[in-house]
Amino acid sequence: MAARRPPQAAHWDLVDSPARTLPPSPDPVGDVLVDWFAEAARDLAWRRPGTDPWAVLVSEVMLQQTPVARVEPVWRDWMDRWPTPVALATASPAEVIRAWGKLGYPRRALRLRETAVALTERHGGVVPADVAALEALPGIGTYTARAVACFGHGQPQPVVDTNVRRVVARLVHGRAEAAPARAADLTDVAVLAPADPERAARFSVAVMELGALVCVARTPRCAVCPVRTDCAWRLAGCPAPDGPPRRVQRFAGTDRQVRGRLLDVLRGAEGSVAAPQLDEAWADAVQRSRCLDSLLADGLVEQTADGRFTLPAG
DNA sequence: TAATCGTGGTT
DNA sequence: TAACCAAGATT
(Lines give C-alpha, C1' and ligand atoms only; values in the text may rest on other atoms or scores of the structure.)
Protein backbone atom coordinates (compact mmCIF):
# COMPACT_ATOMS: atom_id res chain seq x y z
CA MET A 1 0.00 0.00 0.00
CA ALA A 2 0.97 3.59 -0.44
CA ALA A 3 2.42 5.61 2.36
CA ARG A 4 -0.28 7.99 3.47
CA ARG A 5 0.31 11.53 2.45
CA PRO A 6 1.30 13.70 5.36
CA PRO A 7 -1.24 16.38 6.31
CA GLN A 8 -1.00 19.44 4.11
CA ALA A 9 0.65 22.41 5.74
CA ALA A 10 -1.93 24.88 4.54
CA HIS A 11 -2.15 28.42 5.82
CA TRP A 12 -5.36 27.77 7.70
CA ASP A 13 -3.50 25.30 9.91
CA LEU A 14 -2.25 28.38 11.72
CA VAL A 15 -5.72 29.13 12.96
CA ASP A 16 -8.13 27.01 14.85
CA SER A 17 -10.04 25.40 12.03
CA PRO A 18 -12.01 22.22 11.46
CA ALA A 19 -9.66 21.43 8.58
CA ARG A 20 -6.94 20.14 10.89
CA THR A 21 -9.26 17.59 12.44
CA LEU A 22 -10.44 16.10 9.12
CA PRO A 23 -9.15 12.63 8.27
CA PRO A 24 -6.00 12.57 6.10
CA SER A 25 -6.78 13.19 2.46
CA PRO A 26 -6.64 10.11 0.20
CA ASP A 27 -3.49 9.37 -1.76
CA PRO A 28 -3.21 11.21 -5.04
CA VAL A 29 -4.11 9.13 -8.06
CA GLY A 30 -0.50 9.08 -9.27
CA ASP A 31 0.77 7.47 -6.09
CA VAL A 32 -2.03 4.92 -6.08
CA LEU A 33 -1.12 3.87 -9.60
CA VAL A 34 2.59 3.59 -8.82
CA ASP A 35 1.81 1.32 -5.89
CA TRP A 36 -0.69 -0.69 -7.92
CA PHE A 37 1.95 -1.19 -10.62
CA ALA A 38 4.40 -2.60 -8.10
CA GLU A 39 2.14 -5.57 -7.55
CA ALA A 40 0.20 -5.87 -10.80
CA ALA A 41 2.85 -5.25 -13.46
CA ARG A 42 3.41 -7.94 -16.06
CA ASP A 43 6.81 -9.58 -16.13
CA LEU A 44 7.69 -8.54 -19.66
CA ALA A 45 11.05 -9.47 -21.14
CA TRP A 46 12.12 -5.86 -21.72
CA ARG A 47 11.29 -4.92 -18.13
CA ARG A 48 13.80 -7.31 -16.65
CA PRO A 49 16.73 -5.78 -14.75
CA GLY A 50 19.70 -5.11 -16.98
CA THR A 51 17.64 -4.19 -20.04
CA ASP A 52 19.58 -1.32 -21.59
CA PRO A 53 18.13 1.67 -23.48
CA TRP A 54 18.84 0.06 -26.84
CA ALA A 55 16.84 -3.02 -25.91
CA VAL A 56 14.03 -0.76 -24.72
CA LEU A 57 14.14 1.21 -27.96
CA VAL A 58 13.87 -1.98 -30.02
CA SER A 59 10.95 -3.18 -27.92
CA GLU A 60 9.12 0.13 -28.25
CA VAL A 61 9.41 0.21 -32.02
CA MET A 62 8.19 -3.39 -32.25
CA LEU A 63 5.28 -2.59 -29.93
CA GLN A 64 3.97 0.20 -32.16
CA GLN A 65 0.48 -1.01 -33.05
CA THR A 66 1.52 -4.57 -32.27
CA PRO A 67 0.39 -6.78 -29.35
CA VAL A 68 2.87 -7.74 -26.64
CA ALA A 69 2.46 -11.47 -27.19
CA ARG A 70 3.57 -11.25 -30.80
CA VAL A 71 6.54 -9.02 -30.02
CA GLU A 72 8.21 -11.05 -27.26
CA PRO A 73 9.74 -13.89 -29.33
CA VAL A 74 10.88 -11.57 -32.12
CA TRP A 75 12.42 -9.15 -29.63
CA ARG A 76 14.40 -11.96 -27.99
CA ASP A 77 15.69 -13.07 -31.35
CA TRP A 78 16.68 -9.52 -32.33
CA MET A 79 18.48 -8.88 -29.07
CA ASP A 80 20.41 -12.13 -29.41
CA ARG A 81 21.48 -11.26 -32.94
CA TRP A 82 21.95 -7.52 -32.59
CA PRO A 83 22.51 -6.63 -28.93
CA THR A 84 23.84 -3.13 -29.74
CA PRO A 85 23.15 -0.40 -32.29
CA VAL A 86 26.57 -1.04 -33.80
CA ALA A 87 25.70 -4.69 -34.33
CA LEU A 88 22.42 -3.89 -36.06
CA ALA A 89 24.06 -1.23 -38.20
CA THR A 90 26.09 -3.95 -39.93
CA ALA A 91 23.04 -6.04 -40.85
CA SER A 92 21.55 -5.88 -44.34
CA PRO A 93 17.98 -4.74 -45.01
CA ALA A 94 17.18 -8.28 -46.19
CA GLU A 95 18.32 -9.71 -42.87
CA VAL A 96 16.26 -7.32 -40.75
CA ILE A 97 13.17 -7.75 -42.92
CA ARG A 98 13.41 -11.52 -42.50
CA ALA A 99 14.05 -11.24 -38.77
CA TRP A 100 11.08 -8.90 -38.48
CA GLY A 101 8.94 -11.82 -39.61
CA LYS A 102 5.22 -11.13 -39.58
CA LEU A 103 5.11 -8.38 -36.96
CA GLY A 104 3.53 -6.13 -39.55
CA TYR A 105 4.42 -2.65 -40.82
CA PRO A 106 7.82 -3.88 -42.07
CA ARG A 107 9.02 -0.35 -42.77
CA ARG A 108 9.61 -0.26 -39.03
CA ALA A 109 12.36 -2.83 -39.50
CA LEU A 110 14.11 -0.66 -42.09
CA ARG A 111 13.80 2.44 -39.91
CA LEU A 112 15.10 0.59 -36.90
CA ARG A 113 18.16 -0.36 -38.89
CA GLU A 114 18.54 3.25 -40.05
CA THR A 115 18.31 4.34 -36.44
CA ALA A 116 21.09 1.91 -35.58
CA VAL A 117 23.22 3.43 -38.32
CA ALA A 118 22.47 6.96 -37.10
CA LEU A 119 23.33 6.02 -33.52
CA THR A 120 26.57 4.46 -34.69
CA GLU A 121 27.59 7.38 -36.86
CA ARG A 122 26.33 10.33 -34.86
CA HIS A 123 25.93 9.19 -31.25
CA GLY A 124 28.92 6.97 -30.64
CA GLY A 125 26.75 3.86 -30.69
CA VAL A 126 24.83 5.07 -27.66
CA VAL A 127 21.08 5.70 -27.30
CA PRO A 128 20.64 9.33 -26.24
CA ALA A 129 18.52 10.23 -23.21
CA ASP A 130 17.44 13.53 -24.74
CA VAL A 131 13.89 13.47 -26.09
CA ALA A 132 14.62 15.84 -28.96
CA ALA A 133 17.62 13.78 -30.06
CA LEU A 134 15.52 10.64 -29.92
CA GLU A 135 12.70 12.19 -31.92
CA ALA A 136 15.18 13.02 -34.66
CA LEU A 137 15.80 9.31 -35.27
CA PRO A 138 13.97 7.46 -38.09
CA GLY A 139 10.76 5.83 -36.91
CA ILE A 140 10.94 7.45 -33.47
CA GLY A 141 8.02 9.79 -32.85
CA THR A 142 6.69 11.67 -29.84
CA TYR A 143 5.52 8.56 -28.03
CA THR A 144 8.56 6.36 -28.62
CA ALA A 145 11.06 9.11 -27.84
CA ARG A 146 9.56 9.69 -24.42
CA ALA A 147 9.11 5.99 -23.78
CA VAL A 148 12.82 5.38 -24.39
CA ALA A 149 13.83 8.34 -22.23
CA CYS A 150 11.53 7.15 -19.46
CA PHE A 151 11.65 3.36 -19.55
CA GLY A 152 15.18 3.10 -20.92
CA HIS A 153 16.90 5.92 -19.06
CA GLY A 154 14.63 6.29 -16.04
CA GLN A 155 13.78 9.88 -16.82
CA PRO A 156 10.53 11.28 -15.38
CA GLN A 157 8.96 11.86 -18.80
CA PRO A 158 5.22 11.95 -19.42
CA VAL A 159 4.34 9.33 -21.99
CA VAL A 160 1.14 9.26 -24.03
CA ASP A 161 0.06 6.28 -26.05
CA THR A 162 -3.38 4.93 -26.87
CA ASN A 163 -3.67 3.38 -23.40
CA VAL A 164 -2.85 6.62 -21.64
CA ARG A 165 -5.26 8.63 -23.78
CA ARG A 166 -8.03 6.22 -22.91
CA VAL A 167 -7.23 6.24 -19.17
CA VAL A 168 -7.09 10.03 -19.06
CA ALA A 169 -10.29 10.31 -21.10
CA ARG A 170 -12.15 8.26 -18.51
CA LEU A 171 -10.37 9.09 -15.27
CA VAL A 172 -9.99 12.83 -15.84
CA HIS A 173 -12.48 13.87 -18.49
CA GLY A 174 -15.30 11.42 -17.75
CA ARG A 175 -15.55 10.28 -21.34
CA ALA A 176 -15.93 6.70 -22.53
CA GLU A 177 -13.33 6.87 -25.28
CA ALA A 178 -10.13 8.68 -25.99
CA ALA A 179 -10.35 11.71 -28.21
CA PRO A 180 -7.88 11.96 -31.10
CA ALA A 181 -4.33 12.71 -29.97
CA ARG A 182 -3.52 16.34 -29.22
CA ALA A 183 -0.62 18.26 -27.74
CA ALA A 184 -2.41 18.85 -24.43
CA ASP A 185 -2.52 15.09 -23.75
CA LEU A 186 1.02 15.39 -22.44
CA THR A 187 0.13 17.90 -19.76
CA ASP A 188 -3.13 16.11 -18.98
CA VAL A 189 -1.20 13.11 -17.75
CA ALA A 190 1.77 15.04 -16.42
CA VAL A 191 -0.33 16.80 -13.78
CA LEU A 192 -1.23 13.41 -12.29
CA ALA A 193 2.40 12.36 -11.85
CA PRO A 194 4.00 12.21 -8.39
CA ALA A 195 6.55 14.91 -7.67
CA ASP A 196 9.37 12.51 -6.84
CA PRO A 197 11.32 11.90 -10.09
CA GLU A 198 11.72 8.15 -9.61
CA ARG A 199 8.06 7.70 -8.83
CA ALA A 200 7.13 9.96 -11.72
CA ALA A 201 9.06 7.67 -14.05
CA ARG A 202 7.27 4.63 -12.64
CA PHE A 203 3.98 6.47 -12.95
CA SER A 204 4.36 6.71 -16.72
CA VAL A 205 4.57 2.92 -17.09
CA ALA A 206 1.87 2.46 -14.49
CA VAL A 207 -0.73 4.47 -16.42
CA MET A 208 0.01 2.52 -19.57
CA GLU A 209 -0.23 -0.74 -17.67
CA LEU A 210 -3.58 0.26 -16.21
CA GLY A 211 -4.85 0.89 -19.73
CA ALA A 212 -3.47 -2.42 -20.93
CA LEU A 213 -4.77 -4.59 -18.08
CA VAL A 214 -7.73 -2.85 -16.42
CA CYS A 215 -8.96 0.24 -18.24
CA VAL A 216 -9.15 -1.65 -21.53
CA ALA A 217 -11.04 -0.45 -24.58
CA ARG A 218 -13.92 -2.89 -24.96
CA THR A 219 -14.90 -4.03 -21.46
CA PRO A 220 -13.06 -2.14 -18.71
CA ARG A 221 -12.60 -4.07 -15.47
CA CYS A 222 -13.73 -1.29 -13.17
CA ALA A 223 -14.37 -3.72 -10.32
CA VAL A 224 -10.62 -4.26 -9.87
CA CYS A 225 -9.49 -0.75 -10.79
CA PRO A 226 -7.27 0.86 -8.14
CA VAL A 227 -8.56 4.35 -8.99
CA ARG A 228 -12.24 3.57 -9.51
CA THR A 229 -13.28 5.93 -6.71
CA ASP A 230 -11.52 8.81 -8.49
CA CYS A 231 -12.76 8.01 -11.96
CA ALA A 232 -14.75 10.84 -13.54
CA TRP A 233 -16.30 8.47 -16.07
CA ARG A 234 -17.54 6.13 -13.37
CA LEU A 235 -18.74 9.01 -11.18
CA ALA A 236 -20.71 10.24 -14.21
CA GLY A 237 -22.42 6.86 -14.48
CA CYS A 238 -20.24 5.41 -17.27
CA PRO A 239 -21.85 7.38 -20.12
CA ALA A 240 -21.70 5.84 -23.59
CA PRO A 241 -19.36 7.28 -26.23
CA ASP A 242 -20.81 10.52 -27.53
CA GLY A 243 -19.28 11.21 -30.93
CA PRO A 244 -19.88 9.30 -34.14
CA PRO A 245 -18.46 5.73 -34.17
CA ARG A 246 -14.92 5.64 -35.48
CA ARG A 247 -14.34 3.96 -38.79
CA VAL A 248 -12.92 0.48 -38.64
CA GLN A 249 -10.01 0.00 -40.89
CA ARG A 250 -10.78 -2.60 -43.51
CA PHE A 251 -7.94 -4.91 -44.40
CA ALA A 252 -9.16 -7.60 -46.79
CA GLY A 253 -8.52 -6.56 -50.36
CA THR A 254 -6.45 -3.50 -49.54
CA ASP A 255 -2.99 -2.66 -50.80
CA ARG A 256 -1.73 -3.48 -47.35
CA GLN A 257 -2.86 -7.04 -47.68
CA VAL A 258 -1.33 -7.32 -51.14
CA ARG A 259 1.96 -5.83 -49.98
CA GLY A 260 1.98 -8.30 -47.14
CA ARG A 261 1.40 -11.21 -49.51
CA LEU A 262 4.15 -10.10 -51.86
CA LEU A 263 6.64 -9.55 -49.08
CA ASP A 264 5.74 -12.89 -47.56
CA VAL A 265 6.72 -14.64 -50.80
CA LEU A 266 10.07 -12.85 -50.81
CA ARG A 267 10.75 -13.56 -47.13
CA GLY A 268 10.11 -17.23 -47.70
CA ALA A 269 12.29 -17.50 -50.77
CA GLU A 270 15.95 -18.50 -50.64
CA GLY A 271 17.34 -15.89 -52.99
CA SER A 272 15.60 -13.93 -55.71
CA VAL A 273 12.18 -14.63 -57.16
CA ALA A 274 10.93 -14.40 -60.73
CA ALA A 275 7.89 -12.30 -61.52
CA PRO A 276 5.54 -15.25 -62.19
CA GLN A 277 6.12 -16.42 -58.63
CA LEU A 278 4.86 -13.10 -57.34
CA ASP A 279 1.84 -13.36 -59.60
CA GLU A 280 0.61 -16.17 -57.42
CA ALA A 281 0.47 -13.86 -54.41
CA TRP A 282 -2.43 -11.80 -55.82
CA ALA A 283 -4.69 -12.23 -58.83
CA ASP A 284 -5.40 -8.61 -59.75
CA ALA A 285 -2.45 -7.61 -61.91
CA VAL A 286 -3.07 -3.87 -61.65
CA GLN A 287 -3.17 -3.86 -57.88
CA ARG A 288 -0.30 -6.31 -57.68
CA SER A 289 1.89 -4.13 -59.84
CA ARG A 290 1.02 -1.00 -57.91
CA CYS A 291 1.91 -2.70 -54.66
CA LEU A 292 5.16 -4.10 -55.96
CA ASP A 293 6.09 -0.60 -57.09
CA SER A 294 5.34 0.81 -53.66
CA LEU A 295 7.44 -1.89 -52.01
CA LEU A 296 10.30 -0.99 -54.35
CA ALA A 297 9.84 2.69 -53.53
CA ASP A 298 9.89 1.91 -49.82
CA GLY A 299 13.14 -0.01 -50.13
CA LEU A 300 11.50 -3.20 -48.94
CA VAL A 301 12.07 -4.94 -52.29
CA GLU A 302 14.83 -4.71 -54.87
CA GLN A 303 14.94 -5.64 -58.54
CA THR A 304 18.01 -7.42 -59.86
CA ALA A 305 19.74 -6.69 -63.13
CA ASP A 306 18.05 -9.70 -64.76
CA GLY A 307 14.57 -8.53 -63.73
CA ARG A 308 14.04 -10.77 -60.73
CA PHE A 309 12.96 -9.56 -57.27
CA THR A 310 14.66 -9.90 -53.88
CA LEU A 311 14.77 -8.45 -50.42
CA PRO A 312 17.28 -5.57 -50.54
CA ALA A 313 20.85 -6.79 -50.07
CA GLY A 314 22.11 -3.56 -48.72
C1' DT B 1 -5.62 16.65 -41.14
C1' DA B 2 -6.52 12.41 -42.72
C1' DA B 3 -4.92 8.49 -45.16
C1' DT B 4 -1.69 4.99 -45.25
C1' DC B 5 0.97 1.27 -43.55
C1' DG B 6 0.40 -5.57 -41.51
C1' DT B 7 -1.08 -9.09 -38.96
C1' DG B 8 -3.67 -12.11 -36.20
C1' DG B 9 -6.10 -12.92 -31.85
C1' DT B 10 -10.58 -11.83 -29.52
C1' DT B 11 -15.53 -10.97 -29.17
C1' DT C 1 -18.64 -13.80 -38.81
C1' DA C 2 -17.56 -9.31 -39.16
C1' DA C 3 -15.91 -6.01 -36.38
C1' DC C 4 -12.82 -4.66 -33.04
C1' DC C 5 -8.36 -3.98 -31.33
C1' DA C 6 -3.13 -3.75 -30.50
C1' DA C 7 3.20 0.54 -26.32
C1' DG C 8 2.37 5.01 -33.64
C1' DA C 9 4.96 7.25 -37.38
C1' DT C 10 4.96 9.46 -41.61
C1' DT C 11 3.46 12.18 -45.38
# chains A, B, ... in the order shown; residues from 1 in each chain; ligands from 1

call {"tool": "interface_residues", "arguments": {"of": "chain C", "to": "chain A", "cutoff": "7 Å", "atoms": "only C-alpha atoms (C1' of nucleotides)", "output": "tab-separated table (two decimals) with N, CA and C atoms (P, O5', C5', C4', C3', O3' and C1' of nucleotides), in the first residue's frame"}}
result
chain	number	residue	atom	x	y	z
C	6	DA	P	-7.00	-1.34	-27.91
C	6	DA	O5'	-5.55	-1.96	-28.18
C	6	DA	C5'	-5.25	-3.27	-27.71
C	6	DA	C4'	-3.94	-3.68	-28.33
C	6	DA	C3'	-2.95	-2.53	-28.44
C	6	DA	O3'	-1.91	-2.69	-27.48
C	6	DA	C1'	-3.13	-3.75	-30.50
C	7	DA	P	-2.16	-1.64	-26.29
C	7	DA	O5'	-1.13	-0.50	-26.62
C	7	DA	C5'	0.10	-0.53	-25.92
C	7	DA	C4'	0.89	0.63	-26.43
C	7	DA	C3'	1.44	0.43	-27.85
C	7	DA	O3'	1.61	1.69	-28.48
C	7	DA	C1'	3.20	0.54	-26.32
C	8	DG	P	0.50	2.09	-29.57
C	8	DG	O5'	1.39	2.78	-30.69
C	8	DG	C5'	1.86	4.11	-30.50
C	8	DG	C4'	2.98	4.34	-31.49
C	8	DG	C3'	3.34	5.81	-31.64
C	8	DG	O3'	4.73	5.85	-31.94
C	8	DG	C1'	2.37	5.01	-33.64
C	9	DA	P	5.43	7.27	-32.24
C	9	DA	O5'	5.62	7.24	-33.82
C	9	DA	C5'	6.26	6.12	-34.40
C	9	DA	C4'	6.52	6.36	-35.87
C	9	DA	C3'	6.96	7.78	-36.21
C	9	DA	O3'	8.01	7.71	-37.16
C	9	DA	C1'	4.96	7.25	-37.38

call {"tool": "interface_residues", "arguments": {"of": "chain B", "to": "chain A", "cutoff": "10 Å", "atoms": "only C-alpha atoms (C1' of nucleotides)", "output": "JSON, numbers by chain"}}
result
{"B": [4, 5, 6, 7, 8, 9, 11]}

call {"tool": "write_last_selection", "arguments": {"atoms": "N, CA and C atoms (P, O5', C5', C4', C3', O3' and C1' of nucleotides)", "output": "PDB file, in the first residue's frame"}}
result
ATOM      1  P    DT B   4      -6.145   5.777 -48.064  1.00  0.00           P
ATOM      2  O5'  DT B   4      -4.691   5.311 -47.599  1.00  0.00           O
ATOM      3  C5'  DT B   4      -3.561   5.979 -48.103  1.00  0.00           C
ATOM      4  C4'  DT B   4      -2.316   5.447 -47.420  1.00  0.00           C
ATOM      5  C3'  DT B   4      -2.291   3.914 -47.277  1.00  0.00           C
ATOM      6  O3'  DT B   4      -1.153   3.428 -47.963  1.00  0.00           O
ATOM      7  C1'  DT B   4      -1.685   4.987 -45.253  1.00  0.00           C
ATOM      8  P    DC B   5      -1.092   1.881 -48.304  1.00  0.00           P
ATOM      9  O5'  DC B   5      -0.145   1.342 -47.147  1.00  0.00           O
ATOM     10  C5'  DC B   5       1.170   1.897 -47.005  1.00  0.00           C
ATOM     11  C4'  DC B   5       1.746   1.441 -45.704  1.00  0.00           C
ATOM     12  C3'  DC B   5       1.492  -0.047 -45.423  1.00  0.00           C
ATOM     13  O3'  DC B   5       2.705  -0.730 -45.160  1.00  0.00           O
ATOM     14  C1'  DC B   5       0.974   1.270 -43.546  1.00  0.00           C
ATOM     15  P    DG B   6       2.685  -2.301 -45.213  1.00  0.00           P
ATOM     16  O5'  DG B   6       1.535  -2.686 -44.179  1.00  0.00           O
ATOM     17  C5'  DG B   6       0.870  -3.913 -44.299  1.00  0.00           C
ATOM     18  C4'  DG B   6       1.571  -4.946 -43.449  1.00  0.00           C
ATOM     19  C3'  DG B   6       1.027  -6.335 -43.652  1.00  0.00           C
ATOM     20  O3'  DG B   6       2.043  -7.243 -43.262  1.00  0.00           O
ATOM     21  C1'  DG B   6       0.405  -5.568 -41.514  1.00  0.00           C
ATOM     22  P    DT B   7       1.861  -8.784 -43.579  1.00  0.00           P
ATOM     23  O5'  DT B   7       1.111  -9.290 -42.272  1.00  0.00           O
ATOM     24  C5'  DT B   7       1.815  -9.270 -41.046  1.00  0.00           C
ATOM     25  C4'  DT B   7       0.894  -9.635 -39.936  1.00  0.00           C
ATOM     26  C3'  DT B   7      -0.040 -10.827 -40.212  1.00  0.00           C
ATOM     27  O3'  DT B   7       0.500 -11.915 -39.491  1.00  0.00           O
ATOM     28  C1'  DT B   7      -1.084  -9.087 -38.962  1.00  0.00           C
ATOM     29  P    DG B   8      -0.106 -13.384 -39.659  1.00  0.00           P
ATOM     30  O5'  DG B   8      -1.041 -13.498 -38.380  1.00  0.00           O
ATOM     31  C5'  DG B   8      -0.469 -13.225 -37.110  1.00  0.00           C
ATOM     32  C4'  DG B   8      -1.569 -13.057 -36.100  1.00  0.00           C
ATOM     33  C3'  DG B   8      -2.629 -14.167 -36.103  1.00  0.00           C
ATOM     34  O3'  DG B   8      -2.945 -14.447 -34.756  1.00  0.00           O
ATOM     35  C1'  DG B   8      -3.669 -12.114 -36.200  1.00  0.00           C
ATOM     36  P    DG B   9      -3.306 -15.925 -34.307  1.00  0.00           P
ATOM     37  O5'  DG B   9      -3.940 -15.696 -32.869  1.00  0.00           O
ATOM     38  C5'  DG B   9      -3.232 -14.925 -31.917  1.00  0.00           C
ATOM     39  C4'  DG B   9      -4.182 -14.042 -31.146  1.00  0.00           C
ATOM     40  C3'  DG B   9      -5.402 -14.767 -30.555  1.00  0.00           C
ATOM     41  O3'  DG B   9      -5.575 -14.368 -29.208  1.00  0.00           O
ATOM     42  C1'  DG B   9      -6.102 -12.916 -31.846  1.00  0.00           C
ATOM     43  P    DT B  11     -11.950 -11.972 -25.574  1.00  0.00           P
ATOM     44  O5'  DT B  11     -13.227 -11.427 -26.354  1.00  0.00           O
ATOM     45  C5'  DT B  11     -13.295 -10.042 -26.666  1.00  0.00           C
ATOM     46  C4'  DT B  11     -14.572  -9.741 -27.433  1.00  0.00           C
ATOM     47  C3'  DT B  11     -15.820 -10.457 -26.913  1.00  0.00           C
ATOM     48  O3'  DT B  11     -16.916  -9.567 -27.003  1.00  0.00           O
ATOM     49  C1'  DT B  11     -15.527 -10.967 -29.172  1.00  0.00           C
TER      50       DT B  11
END

call {"tool": "closest_residue", "arguments": {"among": "A:Thr219, A:Pro85, A:His173, A:Thr187", "to": "DC5 (chain C)", "atoms": "only C-alpha atoms (C1' of nucleotides)"}}
result
A:Thr219

call {"tool": "atom_distance", "arguments": {"atom1": "CA of Thr84 (chain A)", "atom2": "CA of Leu112 (chain A)"}}
result
11.9 Å

call {"tool": "select_by_dssp", "arguments": {"residues": "region 137-235 of chain A", "states": "alpha helix (DSSP H)", "output": "PyMOL selection string"}}
result
chain A and resi 142-147+162-171+185-190+197-213+232-235

call {"tool": "decode", "arguments": {"residues": "chain C", "atoms": "N, CA, C and O atoms (P, O5', C5', C4', C3', O3' and C1' of nucleotides)", "output": "PDB file, in the first residue's frame"}}
result
ATOM      1  P    DT C   1     -17.749 -18.278 -40.011  1.00  0.00           P
ATOM      2  O5'  DT C   1     -18.252 -16.791 -40.046  1.00  0.00           O
ATOM      3  C5'  DT C   1     -19.431 -16.465 -40.753  1.00  0.00           C
ATOM      4  C4'  DT C   1     -19.574 -14.974 -40.624  1.00  0.00           C
ATOM      5  C3'  DT C   1     -18.337 -14.224 -41.101  1.00  0.00           C
ATOM      6  O3'  DT C   1     -18.737 -12.975 -41.632  1.00  0.00           O
ATOM      7  C1'  DT C   1     -18.635 -13.797 -38.811  1.00  0.00           C
ATOM      8  P    DA C   2     -17.883 -12.243 -42.745  1.00  0.00           P
ATOM      9  O5'  DA C   2     -18.196 -10.742 -42.344  1.00  0.00           O
ATOM     10  C5'  DA C   2     -19.485 -10.405 -41.826  1.00  0.00           C
ATOM     11  C4'  DA C   2     -19.330  -9.377 -40.720  1.00  0.00           C
ATOM     12  C3'  DA C   2     -18.405  -8.220 -41.080  1.00  0.00           C
ATOM     13  O3'  DA C   2     -18.985  -7.038 -40.554  1.00  0.00           O
ATOM     14  C1'  DA C   2     -17.565  -9.313 -39.156  1.00  0.00           C
ATOM     15  P    DA C   3     -18.333  -5.635 -40.916  1.00  0.00           P
ATOM     16  O5'  DA C   3     -17.870  -5.138 -39.472  1.00  0.00           O
ATOM     17  C5'  DA C   3     -18.750  -5.333 -38.368  1.00  0.00           C
ATOM     18  C4'  DA C   3     -17.963  -5.190 -37.095  1.00  0.00           C
ATOM     19  C3'  DA C   3     -16.983  -4.015 -37.098  1.00  0.00           C
ATOM     20  O3'  DA C   3     -17.241  -3.226 -35.954  1.00  0.00           O
ATOM     21  C1'  DA C   3     -15.906  -6.006 -36.382  1.00  0.00           C
ATOM     22  P    DC C   4     -16.389  -1.933 -35.677  1.00  0.00           P
ATOM     23  O5'  DC C   4     -15.439  -2.449 -34.513  1.00  0.00           O
ATOM     24  C5'  DC C   4     -15.992  -3.222 -33.466  1.00  0.00           C
ATOM     25  C4'  DC C   4     -14.886  -3.703 -32.575  1.00  0.00           C
ATOM     26  C3'  DC C   4     -13.815  -2.655 -32.274  1.00  0.00           C
ATOM     27  O3'  DC C   4     -13.601  -2.637 -30.881  1.00  0.00           O
ATOM     28  C1'  DC C   4     -12.817  -4.660 -33.040  1.00  0.00           C
ATOM     29  P    DC C   5     -12.936  -1.332 -30.214  1.00  0.00           P
ATOM     30  O5'  DC C   5     -11.427  -1.817 -30.081  1.00  0.00           O
ATOM     31  C5'  DC C   5     -11.169  -3.012 -29.327  1.00  0.00           C
ATOM     32  C4'  DC C   5      -9.763  -3.473 -29.604  1.00  0.00           C
ATOM     33  C3'  DC C   5      -8.725  -2.356 -29.587  1.00  0.00           C
ATOM     34  O3'  DC C   5      -7.967  -2.498 -28.409  1.00  0.00           O
ATOM     35  C1'  DC C   5      -8.360  -3.976 -31.329  1.00  0.00           C
ATOM     36  P    DA C   6      -6.997  -1.335 -27.914  1.00  0.00           P
ATOM     37  O5'  DA C   6      -5.548  -1.962 -28.180  1.00  0.00           O
ATOM     38  C5'  DA C   6      -5.252  -3.272 -27.705  1.00  0.00           C
ATOM     39  C4'  DA C   6      -3.938  -3.682 -28.331  1.00  0.00           C
ATOM     40  C3'  DA C   6      -2.950  -2.529 -28.443  1.00  0.00           C
ATOM     41  O3'  DA C   6      -1.913  -2.695 -27.479  1.00  0.00           O
ATOM     42  C1'  DA C   6      -3.133  -3.754 -30.500  1.00  0.00           C
ATOM     43  P    DA C   7      -2.159  -1.637 -26.291  1.00  0.00           P
ATOM     44  O5'  DA C   7      -1.128  -0.503 -26.624  1.00  0.00           O
ATOM     45  C5'  DA C   7       0.100  -0.533 -25.916  1.00  0.00           C
ATOM     46  C4'  DA C   7       0.895   0.635 -26.431  1.00  0.00           C
ATOM     47  C3'  DA C   7       1.442   0.427 -27.852  1.00  0.00           C
ATOM     48  O3'  DA C   7       1.606   1.692 -28.477  1.00  0.00           O
ATOM     49  C1'  DA C   7       3.196   0.545 -26.324  1.00  0.00           C
ATOM     50  P    DG C   8       0.497   2.087 -29.574  1.00  0.00           P
ATOM     51  O5'  DG C   8       1.392   2.781 -30.693  1.00  0.00           O
ATOM     52  C5'  DG C   8       1.856   4.108 -30.500  1.00  0.00           C
ATOM     53  C4'  DG C   8       2.978   4.337 -31.486  1.00  0.00           C
ATOM     54  C3'  DG C   8       3.339   5.806 -31.636  1.00  0.00           C
ATOM     55  O3'  DG C   8       4.729   5.849 -31.944  1.00  0.00           O
ATOM     56  C1'  DG C   8       2.374   5.012 -33.641  1.00  0.00           C
ATOM     57  P    DA C   9       5.434   7.271 -32.239  1.00  0.00           P
ATOM     58  O5'  DA C   9       5.619   7.239 -33.816  1.00  0.00           O
ATOM     59  C5'  DA C   9       6.263   6.118 -34.398  1.00  0.00           C
ATOM     60  C4'  DA C   9       6.525   6.355 -35.875  1.00  0.00           C
ATOM     61  C3'  DA C   9       6.963   7.782 -36.208  1.00  0.00           C
ATOM     62  O3'  DA C   9       8.013   7.709 -37.162  1.00  0.00           O
ATOM     63  C1'  DA C   9       4.956   7.246 -37.383  1.00  0.00           C
ATOM     64  P    DT C  10       8.651   9.011 -37.802  1.00  0.00           P
ATOM     65  O5'  DT C  10       7.827   9.138 -39.164  1.00  0.00           O
ATOM     66  C5'  DT C  10       7.771   8.014 -40.018  1.00  0.00           C
ATOM     67  C4'  DT C  10       6.963   8.346 -41.257  1.00  0.00           C
ATOM     68  C3'  DT C  10       7.297   9.711 -41.871  1.00  0.00           C
ATOM     69  O3'  DT C  10       7.542   9.501 -43.245  1.00  0.00           O
ATOM     70  C1'  DT C  10       4.963   9.460 -41.612  1.00  0.00           C
ATOM     71  P    DT C  11       8.243  10.613 -44.142  1.00  0.00           P
ATOM     72  O5'  DT C  11       7.037  11.088 -45.081  1.00  0.00           O
ATOM     73  C5'  DT C  11       6.254  10.121 -45.749  1.00  0.00           C
ATOM     74  C4'  DT C  11       5.028  10.782 -46.341  1.00  0.00           C
ATOM     75  C3'  DT C  11       5.278  12.201 -46.864  1.00  0.00           C
ATOM     76  O3'  DT C  11       4.615  12.365 -48.109  1.00  0.00           O
ATOM     77  C1'  DT C  11       3.455  12.180 -45.376  1.00  0.00           C
TER      78       DT C  11
END
